[in-house]
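Shown below: model.csv, with CSV, C-alpha atoms.
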```csv
chain,number,residue,atom,x,y,z
A,524,MET,CA,106.0,145.5,88.4
A,525,ALA,CA,102.9,146.1,90.4
A,526,ASN,CA,100.8,145.0,87.4
A,527,GLU,CA,102.6,141.7,87.2
A,528,VAL,CA,102.1,141.1,90.9
A,529,GLU,CA,98.4,141.7,90.5
A,530,LYS,CA,98.2,139.3,87.6
A,531,ASP,CA,100.1,136.7,89.5
A,532,SER,CA,97.9,137.1,92.5
A,533,LEU,CA,94.8,136.9,90.3
A,534,ARG,CA,96.1,133.6,88.8
A,535,GLN,CA,96.7,132.2,92.2
A,536,LEU,CA,93.3,133.2,93.4
A,537,LYS,CA,91.7,131.6,90.4
A,538,ARG,CA,93.6,128.4,91.0
A,539,ILE,CA,92.6,128.4,94.7
A,540,GLU,CA,89.0,128.9,93.6
A,541,ARG,CA,89.1,125.9,91.2
A,542,GLU,CA,90.6,123.7,94.0
A,543,LEU,CA,88.0,124.8,96.5
A,544,THR,CA,85.2,124.1,93.9
A,545,GLU,CA,86.7,120.6,93.3
A,546,ILE,CA,86.9,119.9,97.1
A,547,LYS,CA,83.3,121.0,97.5
A,548,ASP,CA,82.2,118.8,94.6
A,549,ARG,CA,84.0,115.8,96.2
A,550,THR,CA,82.6,116.3,99.7
A,551,GLY,CA,79.1,117.2,98.5
A,552,ASP,CA,76.0,116.3,100.5
A,553,PRO,CA,76.3,115.2,104.1
A,554,ARG,CA,73.5,112.6,103.6
A,555,ARG,CA,75.5,111.1,100.8
A,556,MET,CA,78.6,110.9,102.8
A,557,PHE,CA,76.7,109.3,105.7
A,558,MET,CA,75.3,106.6,103.4
A,559,ASN,CA,78.7,106.0,101.9
A,560,GLY,CA,80.0,105.4,105.5
A,561,ILE,CA,77.1,103.1,106.3
A,562,LEU,CA,77.7,101.0,103.1
A,563,TYR,CA,81.5,101.0,103.6
A,564,GLY,CA,81.0,99.7,107.2
A,565,ALA,CA,78.5,97.1,106.1
A,566,GLY,CA,80.8,95.9,103.3
A,567,ALA,CA,83.7,95.6,105.7
A,568,PHE,CA,81.6,93.6,108.1
A,569,VAL,CA,80.2,91.2,105.5
A,570,GLY,CA,83.7,90.8,103.9
A,571,GLY,CA,85.2,90.0,107.3
A,572,ILE,CA,82.5,87.4,108.0
A,573,ILE,CA,83.1,85.8,104.6
A,574,ALA,CA,86.9,85.8,105.1
A,575,VAL,CA,86.6,84.2,108.5
A,576,ALA,CA,84.2,81.6,107.2
A,577,ALA,CA,86.4,80.8,104.3
A,578,LEU,CA,89.5,80.5,106.5
A,579,GLY,CA,87.6,78.2,108.9
A,580,TRP,CA,86.4,76.0,106.0
A,581,VAL,CA,89.9,75.7,104.5
A,582,LEU,CA,91.4,74.9,107.9
A,583,SER,CA,88.7,72.3,108.6
A,584,PHE,CA,89.2,70.8,105.1
A,585,LEU,CA,92.9,70.5,105.8
A,586,GLY,CA,92.3,69.0,109.2
A,587,VAL,CA,94.1,71.7,111.1
A,588,ILE,CA,91.1,72.2,113.4
A,589,PRO,CA,90.0,68.7,114.2
A,590,GLY,CA,86.9,69.5,116.3
A,591,LEU,CA,85.4,71.9,113.8
A,592,ASP,CA,83.7,69.2,111.8
A,593,ALA,CA,81.7,68.2,114.9
A,594,ILE,CA,80.6,71.8,115.5
A,595,VAL,CA,79.6,72.1,111.9
A,596,ALA,CA,77.6,68.9,112.0
A,597,TYR,CA,75.8,70.1,115.2
A,598,LEU,CA,75.0,73.5,113.7
A,599,GLN,CA,73.7,71.8,110.6
A,600,SER,CA,71.4,69.6,112.7
A,601,VAL,CA,70.1,72.6,114.7
A,602,VAL,CA,69.4,74.7,111.6
A,603,GLY,CA,67.9,71.7,109.8
A,604,PHE,CA,70.5,71.1,107.0
A,605,ASP,CA,71.2,67.5,108.2
A,606,ARG,CA,70.5,64.9,105.6
```

Taking this structure as input, can you express it in the form of structure tokens?
Amino acid sequence: MANEVEKDSLRQLKRIERELTEIKDRTGDPRRMFMNGILYGAGAFVGGIIAVAALGWVLSFLGVIPGLDAIVAYLQSVVGFDR
């Protein structure tokens, strides 16, 4: 009986060791995690800007925001895209 308990305990310890190794492999290097966080934040920021711009363009195209075309024309003249 004691031998079976030891074998069971040994199996559980090996399983725990494998799980800890897997967790260590996933977390890895702090510099890598920092860069992942930076890139994730930058991607979310750029994606948000693109989503807001696309929504504004669609609403302007549909005429829901009537004054937006004047603002766009002004910004184009300031930037130098007026033709």

Near Gly579 in chain A, within 12 Å and counting all atoms listed in the file, which residues show up once chain neighbours fewer than 2 positions away are dropped, as a tab-separated table (two decimals) with C-alpha atoms, in the frame of the given file?
```
chain	number	residue	atom	x	y	z
A	572	ILE	CA	82.50	87.40	108.00
A	573	ILE	CA	83.10	85.80	104.60
A	574	ALA	CA	86.90	85.80	105.10
A	575	VAL	CA	86.60	84.20	108.50
A	576	ALA	CA	84.20	81.60	107.20
A	577	ALA	CA	86.40	80.80	104.30
A	581	VAL	CA	89.90	75.70	104.50
A	582	LEU	CA	91.40	74.90	107.90
A	583	SER	CA	88.70	72.30	108.60
A	584	PHE	CA	89.20	70.80	105.10
A	585	LEU	CA	92.90	70.50	105.80
A	586	GLY	CA	92.30	69.00	109.20
A	587	VAL	CA	94.10	71.70	111.10
A	588	ILE	CA	91.10	72.20	113.40
A	589	PRO	CA	90.00	68.70	114.20
A	590	GLY	CA	86.90	69.50	116.30
A	591	LEU	CA	85.40	71.90	113.80
A	592	ASP	CA	83.70	69.20	111.80
A	594	ILE	CA	80.60	71.80	115.50
A	595	VAL	CA	79.60	72.10	111.90
```

* To do: For CA of Pro553 in chain A and CA of Glu540 in chain A, determine how far apart the two atoms are, in Å to one decimal place.
  =>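 For CA of Pro553 in chain A relative to CA of Glu540 in chain A, the distance reads 21.4 Å.
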
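The gap separating CA of Trp580 in chain A from CA of Ala596 in chain A is 12.8 Å, in Å to one decimal.
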
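Separating CA of Thr544 in chain A from CA of Met558 in chain A is a distance of 22.2 Å.
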